[in-house]
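Peer 1: Supplied structure: structure.txt, compact mmCIF, C-alpha atoms and all ligand atoms.
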# COMPACT_ATOMS: atom_id res chain seq x y z
CA MET X 27 -16.47 -22.31 16.25
CA ASN X 28 -17.44 -18.76 15.37
CA LEU X 29 -15.22 -16.22 13.69
CA PHE X 30 -13.60 -13.70 16.02
CA ASP X 31 -15.71 -10.71 15.07
CA VAL X 32 -13.27 -7.88 14.37
CA TYR X 33 -14.36 -6.77 10.91
CA PRO X 34 -17.50 -4.78 10.10
CA LEU X 35 -18.84 -6.64 7.02
CA PHE X 36 -21.12 -5.88 4.10
CA ASN X 37 -23.52 -8.76 3.67
CA ILE X 38 -22.16 -9.50 0.18
CA GLU X 39 -20.35 -12.70 -0.67
CA ILE X 40 -17.88 -12.20 -3.52
CA THR X 41 -17.42 -15.42 -5.45
CA LYS X 42 -15.73 -14.35 -8.68
CA GLY X 43 -13.47 -11.64 -10.02
CA ILE X 44 -12.22 -10.78 -13.50
CA GLY X 45 -10.19 -7.67 -14.28
CA THR X 46 -11.86 -4.71 -12.59
CA ARG X 47 -15.14 -6.58 -11.98
CA ILE X 48 -16.25 -8.80 -9.12
CA THR X 49 -19.45 -10.86 -8.87
CA ASP X 50 -21.36 -11.94 -5.78
CA SER X 51 -23.16 -15.19 -4.97
CA GLN X 52 -26.41 -13.69 -6.34
CA GLY X 53 -24.77 -13.04 -9.72
CA ILE X 54 -24.63 -9.27 -9.21
CA GLU X 55 -21.59 -7.65 -10.83
CA TYR X 56 -19.70 -4.75 -9.23
CA LEU X 57 -16.98 -2.39 -10.41
CA ASP X 58 -14.11 -2.80 -7.97
CA LEU X 59 -12.49 0.50 -7.00
CA TYR X 60 -11.17 -0.90 -3.75
CA GLY X 61 -9.09 -3.86 -4.93
CA GLY X 62 -9.30 -5.72 -1.63
CA HIS X 63 -7.56 -2.83 0.10
CA ALA X 64 -5.00 -1.97 -2.63
CA VAL X 65 -4.06 -5.60 -3.13
CA ILE X 66 -5.31 -6.16 -6.67
CA SER X 67 -2.68 -4.68 -8.95
CA ILE X 68 -2.99 -6.53 -12.27
CA GLY X 69 -6.76 -7.16 -12.01
CA HIS X 70 -8.67 -10.12 -10.64
CA SER X 71 -7.82 -13.58 -11.95
CA HIS X 72 -5.64 -12.42 -14.82
CA PRO X 73 -5.38 -15.43 -17.23
CA PHE X 74 -1.55 -15.39 -17.34
CA TYR X 75 -1.38 -15.25 -13.52
CA VAL X 76 -3.93 -18.07 -13.18
CA GLN X 77 -2.03 -20.22 -15.67
CA LYS X 78 1.33 -19.72 -13.93
CA LEU X 79 -0.07 -20.35 -10.45
CA THR X 80 -1.95 -23.44 -11.61
CA GLN X 81 1.20 -24.87 -13.22
CA GLN X 82 3.18 -24.24 -10.05
CA LEU X 83 0.45 -25.78 -7.87
CA GLU X 84 0.78 -28.99 -9.83
CA ASN X 85 4.51 -29.13 -9.07
CA LEU X 86 5.22 -27.64 -5.66
CA VAL X 87 3.59 -25.13 -3.35
CA PHE X 88 6.29 -24.78 -0.75
CA TYR X 89 9.37 -26.38 0.64
CA SER X 90 11.48 -24.24 2.93
CA ASN X 91 14.25 -21.70 3.11
CA SER X 92 16.79 -24.48 3.70
CA VAL X 93 17.13 -25.26 -0.02
CA VAL X 94 17.96 -23.26 -3.14
CA ASN X 95 14.87 -21.57 -4.58
CA LYS X 96 15.61 -20.14 -8.01
CA LEU X 97 12.18 -18.54 -8.15
CA GLN X 98 13.29 -16.18 -5.35
CA THR X 99 16.34 -15.17 -7.39
CA GLU X 100 14.24 -14.61 -10.51
CA LEU X 101 11.80 -12.48 -8.51
CA ALA X 102 14.59 -10.38 -6.98
CA LYS X 103 16.19 -9.80 -10.42
CA LYS X 104 12.93 -8.76 -12.08
CA LEU X 105 11.87 -6.56 -9.17
CA GLY X 106 15.27 -4.85 -9.05
CA LYS X 107 15.10 -4.08 -12.74
CA LEU X 108 11.51 -2.86 -12.91
CA SER X 109 11.73 -0.75 -9.74
CA GLY X 110 15.15 0.80 -10.47
CA TYR X 111 16.79 -0.87 -7.45
CA ASP X 112 19.06 -3.41 -9.16
CA ASP X 113 21.79 -2.97 -6.55
CA TYR X 114 19.52 -3.66 -3.51
CA SER X 115 18.82 -7.10 -2.10
CA LEU X 116 15.50 -8.67 -1.21
CA PHE X 117 14.24 -10.41 1.93
CA LEU X 118 10.92 -12.14 1.38
CA VAL X 119 8.09 -12.31 3.92
CA SER X 120 4.32 -12.82 3.81
CA SER X 121 2.70 -9.51 4.79
CA GLY X 122 3.19 -5.77 5.11
CA ALA X 123 3.48 -5.80 8.89
CA GLU X 124 6.11 -8.52 8.72
CA ALA X 125 8.05 -6.50 6.13
CA ASN X 126 8.03 -3.44 8.39
CA GLU X 127 8.98 -5.42 11.49
CA ASN X 128 11.99 -6.82 9.67
CA ALA X 129 12.98 -3.42 8.29
CA LEU X 130 12.85 -1.96 11.82
CA LYS X 131 14.93 -4.84 13.13
CA LEU X 132 17.53 -4.41 10.39
CA ALA X 133 17.75 -0.69 11.15
CA SER X 134 18.17 -1.43 14.84
CA PHE X 135 20.82 -4.12 14.28
CA HIS X 136 22.70 -1.85 11.89
CA THR X 137 22.76 1.24 14.12
CA GLY X 138 22.64 -0.32 17.59
CA ARG X 139 19.79 2.12 18.42
CA ARG X 140 16.22 1.45 19.57
CA LYS X 141 14.24 4.62 18.94
CA VAL X 142 11.97 5.01 15.91
CA VAL X 143 10.31 8.01 14.29
CA ALA X 144 6.97 7.39 12.56
CA PHE X 145 4.47 10.11 11.64
CA ASN X 146 1.20 11.29 13.00
CA LYS X 147 -1.63 9.44 11.19
CA SER X 148 0.78 6.84 9.85
CA PHE X 149 -0.07 3.18 9.55
CA HIS X 150 2.51 0.45 9.21
CA GLY X 151 0.40 -2.59 9.98
CA ARG X 152 -0.06 -3.88 13.49
CA THR X 153 3.60 -3.28 14.24
CA SER X 154 5.48 -1.50 16.97
CA ALA X 155 5.49 1.59 14.75
CA ALA X 156 1.73 1.44 14.16
CA VAL X 157 -1.29 2.94 14.86
CA ARG X 158 -1.84 6.65 14.97
CA VAL X 159 -4.90 6.76 12.80
CA THR X 160 -7.76 5.13 14.57
CA ASP X 161 -10.73 6.81 16.24
CA ASN X 162 -11.33 3.62 18.19
CA PRO X 163 -10.37 4.23 21.83
CA LYS X 164 -10.01 0.48 22.39
CA ILE X 165 -6.97 0.39 20.13
CA VAL X 166 -4.10 1.84 22.07
CA ALA X 167 -1.19 3.09 20.06
CA PRO X 168 1.44 1.98 19.57
CA ILE X 169 1.79 -1.71 20.39
CA ASN X 170 5.27 -1.31 21.78
CA GLU X 171 7.47 -4.34 21.36
CA GLY X 172 10.72 -2.80 22.44
CA PHE X 173 10.96 0.23 20.20
CA GLU X 174 10.33 3.67 21.58
CA VAL X 175 8.39 5.56 18.91
CA GLU X 176 7.89 9.31 18.43
CA PHE X 177 5.21 10.68 16.09
CA PRO X 178 5.93 14.15 14.66
CA ASP X 179 3.54 15.63 12.06
CA LEU X 180 4.02 14.76 8.40
CA ASN X 181 5.99 17.44 6.55
CA ASP X 182 7.27 19.02 9.81
CA ILE X 183 11.01 18.77 9.13
CA GLU X 184 12.00 20.96 12.09
CA SER X 185 10.47 18.55 14.63
CA VAL X 186 12.19 15.62 12.91
CA ARG X 187 15.52 17.48 12.94
CA LYS X 188 15.23 18.07 16.68
CA ILE X 189 14.61 14.38 17.35
CA LEU X 190 17.32 13.07 15.01
CA LYS X 191 19.93 15.49 16.34
CA LYS X 192 20.45 13.26 19.39
CA LYS X 193 21.61 10.44 17.09
CA ASP X 194 19.74 7.80 19.07
CA VAL X 195 17.07 6.98 16.45
CA CYS X 196 17.59 3.81 14.41
CA ALA X 197 14.95 4.53 11.77
CA VAL X 198 12.50 6.99 10.39
CA ILE X 199 9.64 5.06 8.82
CA ILE X 200 7.31 6.85 6.43
CA GLU X 201 4.65 5.81 3.93
CA GLY X 202 5.16 6.77 0.29
CA ILE X 203 1.61 8.15 0.58
CA GLN X 204 -0.27 7.85 3.86
CA GLY X 205 -3.11 5.45 3.12
CA VAL X 206 -5.13 4.59 6.20
CA GLY X 207 -4.38 8.10 7.53
CA GLY X 208 -6.36 9.72 4.70
CA ILE X 209 -4.30 9.78 1.46
CA ARG X 210 -1.79 12.38 2.58
CA ILE X 211 1.22 12.91 0.35
CA PRO X 212 4.60 13.81 1.86
CA GLU X 213 5.89 16.98 0.21
CA ILE X 214 8.76 16.38 -2.22
CA GLU X 215 11.01 18.89 -0.44
CA PHE X 216 10.18 17.30 2.94
CA LEU X 217 11.19 13.85 1.69
CA GLN X 218 14.43 15.21 0.28
CA GLN X 219 15.27 17.02 3.53
CA LEU X 220 14.29 13.93 5.51
CA SER X 221 16.60 11.78 3.42
CA GLU X 222 19.47 14.26 3.95
CA GLU X 223 18.80 14.50 7.68
CA CYS X 224 18.79 10.71 8.04
CA ALA X 225 22.09 10.44 6.16
CA LYS X 226 23.66 13.16 8.33
CA THR X 227 22.65 11.53 11.62
CA GLY X 228 23.24 7.88 10.70
CA THR X 229 19.50 7.15 10.84
CA MET X 230 18.05 4.55 8.48
CA LEU X 231 15.22 5.79 6.26
CA ILE X 232 12.48 3.17 5.76
CA LEU X 233 9.99 3.86 3.00
CA ASP X 234 6.82 1.91 3.61
CA GLU X 235 5.52 1.35 0.08
CA VAL X 236 3.20 -1.47 1.15
CA GLN X 237 0.13 0.42 -0.08
CA SER X 238 1.60 3.11 -2.35
CA GLY X 239 4.12 0.91 -4.16
CA TYR X 240 4.02 -1.45 -7.11
CA GLY X 241 2.91 1.21 -9.57
CA ARG X 242 -0.10 2.43 -7.64
CA SER X 243 1.11 6.04 -7.50
CA GLY X 244 1.89 6.26 -11.23
CA LYS X 245 5.58 5.56 -10.55
CA PHE X 246 6.84 2.18 -9.37
CA PHE X 247 7.30 3.72 -5.91
CA ALA X 248 5.67 6.91 -4.66
CA HIS X 249 8.96 8.16 -3.16
CA GLN X 250 10.45 8.20 -6.67
CA TYR X 251 8.58 11.48 -7.25
CA ALA X 252 11.13 12.96 -4.79
CA ASP X 253 14.08 11.22 -6.40
CA ILE X 254 15.43 9.87 -3.10
CA ARG X 255 16.93 6.46 -2.34
CA PRO X 256 15.84 5.11 1.05
CA ASP X 257 17.92 2.59 2.99
CA LEU X 258 15.04 0.13 3.22
CA ILE X 259 11.81 -0.18 1.22
CA THR X 260 8.94 -2.37 2.35
CA ILE X 261 6.46 -3.94 -0.05
CA ALA X 262 3.44 -6.26 0.08
CA LYS X 263 -0.21 -5.85 -1.05
CA GLY X 264 -0.03 -5.44 -4.87
CA MET X 265 3.08 -7.63 -5.01
CA GLY X 266 1.11 -10.90 -5.21
CA ASN X 267 -2.24 -9.59 -6.51
CA GLY X 268 -3.98 -11.28 -3.58
CA PHE X 269 -1.46 -14.00 -2.86
CA PRO X 270 0.18 -13.11 0.48
CA ILE X 271 3.75 -12.02 -0.14
CA GLY X 272 5.81 -9.10 1.08
CA GLY X 273 9.41 -8.04 1.10
CA VAL X 274 12.11 -5.73 2.34
CA MET X 275 14.36 -4.18 -0.29
CA ILE X 276 17.70 -3.57 1.37
CA SER X 277 20.43 -1.13 0.37
CA PRO X 278 23.96 -2.46 -0.20
CA LYS X 279 25.13 -0.78 3.04
CA PHE X 280 23.53 -3.65 5.02
CA GLU X 281 25.52 -6.83 5.36
CA ALA X 282 23.65 -10.12 5.48
CA SER X 283 24.67 -12.94 7.80
CA HIS X 284 23.14 -16.35 8.33
CA GLY X 285 20.40 -16.25 10.94
CA LEU X 286 20.09 -12.45 10.97
CA LEU X 287 16.47 -12.63 9.74
CA GLY X 288 14.15 -15.54 9.08
CA THR X 289 10.61 -16.69 8.41
CA THR X 290 8.88 -19.98 7.62
CA PHE X 291 6.57 -19.00 4.77
CA GLY X 292 8.42 -16.06 3.22
CA GLY X 293 9.28 -16.59 -0.44
CA SER X 294 7.44 -19.88 -0.93
CA HIS X 295 7.50 -21.28 -4.46
CA LEU X 296 3.86 -20.45 -5.10
CA ALA X 297 4.19 -16.94 -3.66
CA CYS X 298 7.21 -16.27 -5.88
CA VAL X 299 5.37 -17.43 -8.99
CA ALA X 300 2.49 -15.09 -8.08
CA ALA X 301 4.90 -12.18 -7.61
CA ILE X 302 6.89 -12.92 -10.80
CA SER X 303 3.66 -13.10 -12.85
CA VAL X 304 2.55 -9.77 -11.39
CA LEU X 305 5.81 -8.11 -12.46
CA ASP X 306 5.63 -9.69 -15.93
CA ILE X 307 2.09 -8.37 -16.39
CA ILE X 308 2.84 -4.92 -14.97
CA LYS X 309 5.67 -4.65 -17.50
CA ALA X 310 3.86 -6.15 -20.51
CA GLU X 311 0.67 -4.14 -20.01
CA GLN X 312 2.45 -0.95 -18.88
CA LEU X 313 0.26 -0.74 -15.82
CA VAL X 314 2.40 1.88 -14.06
CA ALA X 315 1.83 4.26 -16.97
CA ASN X 316 -1.86 3.34 -16.99
CA ALA X 317 -2.17 4.13 -13.27
CA ASP X 318 -0.58 7.51 -13.96
CA LYS X 319 -2.82 8.28 -16.95
CA ILE X 320 -6.16 7.13 -15.55
CA GLY X 321 -5.26 8.53 -12.13
CA GLN X 322 -4.60 11.98 -13.59
CA TYR X 323 -7.86 11.81 -15.52
CA LEU X 324 -9.86 10.80 -12.43
CA ILE X 325 -8.26 13.41 -10.19
CA THR X 326 -8.85 16.18 -12.76
CA GLU X 327 -12.50 15.23 -13.19
CA LEU X 328 -13.12 14.75 -9.45
CA LYS X 329 -11.69 18.20 -8.74
CA LYS X 330 -14.49 19.67 -10.89
CA ILE X 331 -17.15 18.38 -8.47
CA PRO X 332 -17.82 21.29 -6.09
CA GLN X 333 -19.36 19.18 -3.32
CA ILE X 334 -16.03 17.40 -2.77
CA LYS X 335 -14.01 19.42 -0.27
CA GLU X 336 -10.63 18.08 -1.39
CA VAL X 337 -9.29 15.50 -3.81
CA ARG X 338 -5.86 14.13 -2.88
CA GLY X 339 -3.79 11.45 -4.51
CA LEU X 340 -1.30 10.25 -7.06
CA GLY X 341 -2.01 7.66 -9.73
CA LEU X 342 -4.70 5.25 -8.59
CA MET X 343 -4.44 6.03 -4.87
CA ILE X 344 -7.04 8.74 -4.44
CA GLY X 345 -8.90 10.21 -1.47
CA LEU X 346 -12.10 12.26 -1.77
CA GLU X 347 -12.69 14.29 1.36
CA PHE X 348 -16.22 15.56 1.99
CA GLU X 349 -17.55 18.05 4.57
CA ILE X 350 -20.02 15.40 5.72
CA PRO X 351 -19.71 11.73 6.74
CA ILE X 352 -19.54 9.62 3.58
CA LYS X 353 -21.27 6.50 4.86
CA ASP X 354 -24.49 7.10 2.87
CA ILE X 355 -22.69 8.10 -0.32
CA ARG X 356 -20.49 5.01 -0.11
CA ASN X 357 -23.44 2.71 0.61
CA ARG X 358 -25.40 4.17 -2.30
CA LEU X 359 -22.40 3.74 -4.63
CA LEU X 360 -22.31 0.10 -3.59
CA PHE X 361 -26.00 -0.81 -3.51
CA GLU X 362 -27.42 1.50 -6.23
CA LYS X 363 -24.48 1.85 -8.61
CA LYS X 364 -22.74 -1.46 -7.81
CA ILE X 365 -19.37 0.16 -7.21
CA PHE X 366 -17.04 -0.86 -4.38
CA THR X 367 -14.99 1.94 -2.81
CA GLY X 368 -12.94 2.21 0.37
CA VAL X 369 -13.14 4.56 3.30
CA THR X 370 -10.82 6.14 5.79
CA GLY X 371 -11.93 8.14 8.81
CA THR X 372 -15.55 9.27 8.54
CA ASN X 373 -15.36 11.79 5.69
CA ILE X 374 -12.97 10.31 3.13
CA ILE X 375 -13.76 7.90 0.29
CA ARG X 376 -10.66 6.01 -0.76
CA LEU X 377 -10.09 4.66 -4.27
CA LEU X 378 -7.56 1.85 -4.69
CA PRO X 379 -8.66 0.13 -7.90
CA PRO X 380 -6.76 -2.44 -9.94
CA LEU X 381 -4.05 -0.71 -11.98
CA CYS X 382 -5.69 -1.89 -15.21
CA LEU X 383 -8.64 0.45 -14.63
CA SER X 384 -9.84 1.85 -17.98
CA LYS X 385 -11.13 5.31 -18.80
CA GLN X 386 -14.52 3.73 -19.37
CA ASP X 387 -14.45 2.29 -15.81
CA ALA X 388 -13.43 5.71 -14.49
CA ASN X 389 -16.37 7.32 -16.32
CA ILE X 390 -18.83 4.80 -14.86
CA PHE X 391 -17.67 5.83 -11.39
CA LEU X 392 -17.70 9.56 -12.18
CA SER X 393 -21.26 9.54 -13.50
CA GLY X 394 -22.49 7.30 -10.66
CA LEU X 395 -20.90 9.53 -8.06
CA LYS X 396 -22.28 12.72 -9.63
CA GLU X 397 -25.80 11.30 -9.67
CA ILE X 398 -25.58 10.36 -6.01
CA ILE X 399 -24.12 13.71 -5.04
CA GLN X 400 -27.02 15.50 -6.82
CA THR X 401 -29.47 13.83 -4.46
CA THR X 402 -27.39 14.14 -1.28
CA SER X 403 -28.00 16.92 1.22
CA PHE X 404 -24.75 18.69 2.16
CA ASN X 405 -26.31 20.92 4.85
N1 LIG V 501 1.93 -0.53 5.74
C1 LIG V 501 0.94 0.15 5.12
C2 LIG V 501 1.24 1.49 4.54
C3 LIG V 501 -0.34 -0.39 5.04
O1 LIG V 501 -1.32 0.31 4.44
C4 LIG V 501 -0.59 -1.67 5.59
C5 LIG V 501 -1.92 -2.27 5.52
O2 LIG V 501 -2.90 -1.65 5.25
C6 LIG V 501 0.47 -2.34 6.20
C7 LIG V 501 1.72 -1.75 6.26
C8 LIG V 501 0.27 -3.69 6.81
O3 LIG V 501 0.15 -4.66 5.85
P1 LIG V 501 -0.45 -6.10 6.24
O4 LIG V 501 -1.89 -5.87 6.54
O5 LIG V 501 -0.19 -6.94 5.03
O6 LIG V 501 0.30 -6.56 7.44
Here is the file; what I need is its structure written in the form of structure tokens.
Peer 2:
Amino acid sequence: MNLFDVYPLFNIEITKGIGTRITDSQGIEYLDLYGGHAVISIGHSHPFYVQKLTQQLENLVFYSNSVVNKLQTELAKKLGKLSGYDDYSLFLVSSGAEANENALKLASFHTGRRKVVAFNKSFHGRTSAAVRVTDNPKIVAPINEGFEVEFPDLNDIESVRKILKKKDVCAVIIEGIQGVGGIRIPEIEFLQQLSEECAKTGTMLILDEVQSGYGRSGKFFAHQYADIRPDLITIAKGMGNGFPIGGVMISPKFEASHGLLGTTFGGSHLACVAAISVLDIIKAEQLVANADKIGQYLITELKKIPQIKEVRGLGLMIGLEFEIPIKDIRNRLLFEKKIFTGVTGTNIIRLLPPLCLSKQDANIFLSGLKEIIQTTSFN
């Protein structure tokens, strides 16, 4: 059987990863500023994480959600404490899309409404509130599974007000920072007004922190820059440092009942151990503060490079927008400088490195990028 060919691939086989470095099957080492699409939070194969997962593997990988699983309780407690959401409850799933689907369902059950507001250029996984970001005409947006979705522009509070006024929207779903859509940050005032508007109209506010959460933005959640408290927060990616786990953090206003939500794999023993180890390491190594510090340094230095049209980001979620397509620059970073970066659209390089990135790592990237830019034609 062949693989169903949906991913454009670099012909590089990664066989090993340690910290911010990955190595391919030829023994070539790369600096990883992509982190498997924002997944690597604590760094590749952290020794504490490896030890905890190995121990758990020897005991039990998975049973089911029909028995008590104290690892789930431990995870919920630690996550509540570290994120500042002690009073919320946690529903565990296995991916970002699944987290968002469940958040949308909860909002719909709670309000009895079926309409959803997402934003232009948003991405929430391959969900009913997805895809407004692709240039690919074959991907039709959204994949509607029963929700009717409207897509106003980010930061356009008046359009949102008009839609919410009718009181028939169950949820507004918004990314802490738009990732796939080009590292676009919701304005603080917009988020605050949005939160107020949702409260006024009985609309649930879902903060999709799948990419921007878990310390990536320099705060545990990106929306905490605006000091708001959403009704539902979705998480995945950095939560398991590569082990598939996601979750919905649910405000106390929602009442749980048996059978309301469910999943086979969500919150497996091994997944919980991965997620608990990630939180322990984030706390012990102060990785949220590190993301803030190194992110600020990178953004400041990148803004000094005149050939970059715009640098956008918070913490270690950074977009570099150029006037020209970035394919060559990105390929040269990879093949000449041995640095992995991400991309969004045609003109934006996206940095989503492990949160343990050092200043020395940042400098390696800055000097490599400057050298490449010197020999790139911008006409
Ligand atoms: N939400 C956001 C903001 C994302 O960036 C992504 C994935 O890139 C998802 C949801 C979907 O996550 P998953 O691919 O784990 O389903």
Peer 1: Using 5 Å of padding on each side, determine the axis-aligned box around all atoms of ligand LIG 501 (chain V) present in the file and give its centre and edge lengths in Å to one decimal, as lines of an AutoDock Vina configuration file.
Peer 2:
center_x = -0.5
center_y = -2.7
center_z = 5.9
size_x = 14.8
size_y = 18.4
size_z = 13.0
Peer 1: Produce as a count of residues only the set of residues near ligand LIG 501 (chain V), where near means within 7 Å with all atoms listed in the file considered.
Peer 2: 19
Peer 1: For a quick check of understanding, using only C-alpha atoms, which of X:Val337, X:Val142, X:Leu395, X:Ile203 has the smallest distance to Val175 of chain X?
Peer 2: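 Checking each of X:Val337, X:Val142, X:Leu395, X:Ile203 against Val175 of chain X, counting only C-alpha atoms, the winner is X:Val142.
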Peer 1: Using all atoms listed in the file, which protein or nucleic acid residues come within 9 Å of Glu215 of chain X? Drop anything in the same chain fewer than 4 positions from it, and give the result as a PDB file with C-alpha atoms, keeping the file's coordinate frame.
Peer 2:
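Once written, result-v6.pdb looks like this:
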ATOM      1  CA  ASN X 181       5.990  17.440   6.550  1.00  0.00           C
ATOM      2  CA  GLN X 219      15.270  17.020   3.530  1.00  0.00           C
ATOM      3  CA  LEU X 220      14.290  13.930   5.510  1.00  0.00           C
ATOM      4  CA  ALA X 252      11.130  12.960  -4.790  1.00  0.00           C
TER       5      ALA X 252
END
Peer 1: Pull the neighbourhood of (16.6, 0.4, -9.4) for me: all residues within 12 Å in file coordinates, counting all atoms listed in the file, as a list in words.
Peer 2: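 In the file's frame, the residues around the point are Ala102, Lys103, Lys104, Leu105, Gly106, Lys107, Leu108, Ser109, Gly110, Tyr111, Asp112, Asp113, Tyr114, Ser115, Phe246, Phe247, Gln250, Asp253, Ile254, Arg255, Pro256, Ile259, Met275, Ile276 and Ser277 of chain X.
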Peer 1: Record the distance separating atom CA of Tyr240 of chain X and atom CA of Ala197 of chain X, expressed in Å with one decimal.
Peer 2: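 Going from atom CA of Tyr240 of chain X over to atom CA of Ala197 of chain X covers 22.6 Å.
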Peer 1: Could you state the separation of atom CA of Tyr60 of chain X and atom CA of Gly264 of chain X in Å, given to one decimal place?
Peer 2: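 These atoms are spaced 12.1 Å apart.
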Peer 1: Just give me the gap between atom CA of Lys364 of chain X and atom CA of Asp58 of chain X in Å, one decimal is fine.
Peer 2: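 These two atoms are separated by 8.7 Å.
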Peer 1: From the options X:Ala310, X:Ile209, X:Ala315, X:Ala225, which residue's atoms come nearest to Cys196 of chain X, counting all atoms listed in the file?
Peer 2: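 Closest to Cys196 of chain X of all the choices is X:Ala225.
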Peer 1: Could you pull the residues within 12 Å of Arg210 of chain X, counting all atoms listed in the file, minus those fewer than 5 positions along the same chain, as JSON, numbers by chain?
Peer 2: {"X": [145, 146, 147, 148, 149, 179, 180, 181, 200, 201, 202, 203, 204, 205, 238, 248, 336, 337, 338, 339, 340, 343, 344, 345, 346, 347, 370, 374, 376]}
Peer 1: Rank nothing, just name the residue among X:Asn37, X:Thr80, X:Thr227, X:Ser67 nearest to Val195 of chain X, using all atoms listed in the file.
Peer 2: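 Nearest to Val195 of chain X: X:Thr227.
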Peer 1: Can you list, as a count of residues only, every protein, DNA or RNA residue that comes within 7 Å of segment 377-386 of chain X when you count only C-alpha atoms, leaving out same-chain residues fewer than 6 positions away?
Peer 2: 22
Peer 1: Once you count only C-alpha atoms, which residues end up no further than 7 Å from (0.8, -10.5, -6.5) in the file's frame, shown as a list in words?
Peer 2: Gly264, Met265, Gly266, Asn267, Gly268, Phe269, Ala300, Ala301 and Val304 of chain X
Peer 1: So which one's closest to Ile199 of chain X, X:Asp387, X:Glu39, X:Glu362, X:Glu127? Using only C-alpha atoms, please.
Peer 2: X:Glu127
Peer 1: Nearest residue to Gln218 of chain X out of X:Phe173, X:Tyr75, X:Phe280, X:Tyr251, using all atoms listed in the file?
Peer 2: X:Tyr251
Peer 1: Can we get segment 238-249 of chain X of that structure written down with N, CA and C atoms, as a PDB file, in the first residue's frame?
Peer 2:
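Saved to part32.pdb:
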ATOM      1  N   SER X 238      -1.186  28.567  20.152  1.00  0.00           N
ATOM      2  CA  SER X 238      -0.601  29.707  20.882  1.00  0.00           C
ATOM      3  C   SER X 238      -0.489  29.462  22.379  1.00  0.00           C
ATOM      4  N   GLY X 239      -1.013  28.331  22.859  1.00  0.00           N
ATOM      5  CA  GLY X 239      -1.034  28.079  24.299  1.00  0.00           C
ATOM      6  C   GLY X 239       0.200  27.348  24.802  1.00  0.00           C
ATOM      7  N   TYR X 240       0.124  26.963  26.050  1.00  0.00           N
ATOM      8  CA  TYR X 240       1.194  26.199  26.703  1.00  0.00           C
ATOM      9  C   TYR X 240       2.518  26.957  26.749  1.00  0.00           C
ATOM     10  N   GLY X 241       2.420  28.269  26.943  1.00  0.00           N
ATOM     11  CA  GLY X 241       3.624  29.072  27.151  1.00  0.00           C
ATOM     12  C   GLY X 241       4.220  29.660  25.895  1.00  0.00           C
ATOM     13  N   ARG X 242       3.733  29.240  24.754  1.00  0.00           N
ATOM     14  CA  ARG X 242       4.354  29.662  23.490  1.00  0.00           C
ATOM     15  C   ARG X 242       4.405  31.178  23.334  1.00  0.00           C
ATOM     16  N   SER X 243       3.367  31.867  23.804  1.00  0.00           N
ATOM     17  CA  SER X 243       3.276  33.318  23.583  1.00  0.00           C
ATOM     18  C   SER X 243       4.057  34.126  24.615  1.00  0.00           C
ATOM     19  N   GLY X 244       4.662  33.452  25.589  1.00  0.00           N
ATOM     20  CA  GLY X 244       5.338  34.184  26.667  1.00  0.00           C
ATOM     21  C   GLY X 244       4.443  34.351  27.890  1.00  0.00           C
ATOM     22  N   LYS X 245       3.161  33.992  27.749  1.00  0.00           N
ATOM     23  CA  LYS X 245       2.264  33.774  28.897  1.00  0.00           C
ATOM     24  C   LYS X 245       1.736  32.357  28.716  1.00  0.00           C
ATOM     25  N   PHE X 246       1.118  31.787  29.768  1.00  0.00           N
ATOM     26  CA  PHE X 246       0.661  30.407  29.574  1.00  0.00           C
ATOM     27  C   PHE X 246      -0.311  30.350  28.398  1.00  0.00           C
ATOM     28  N   PHE X 247      -1.255  31.315  28.358  1.00  0.00           N
ATOM     29  CA  PHE X 247      -2.155  31.436  27.212  1.00  0.00           C
ATOM     30  C   PHE X 247      -2.030  32.833  26.620  1.00  0.00           C
ATOM     31  N   ALA X 248      -2.131  32.915  25.296  1.00  0.00           N
ATOM     32  CA  ALA X 248      -1.989  34.216  24.633  1.00  0.00           C
ATOM     33  C   ALA X 248      -3.098  35.179  25.057  1.00  0.00           C
ATOM     34  N   HIS X 249      -4.318  34.649  25.307  1.00  0.00           N
ATOM     35  CA  HIS X 249      -5.421  35.554  25.655  1.00  0.00           C
ATOM     36  C   HIS X 249      -5.213  36.202  27.024  1.00  0.00           C
TER      37      HIS X 249
END
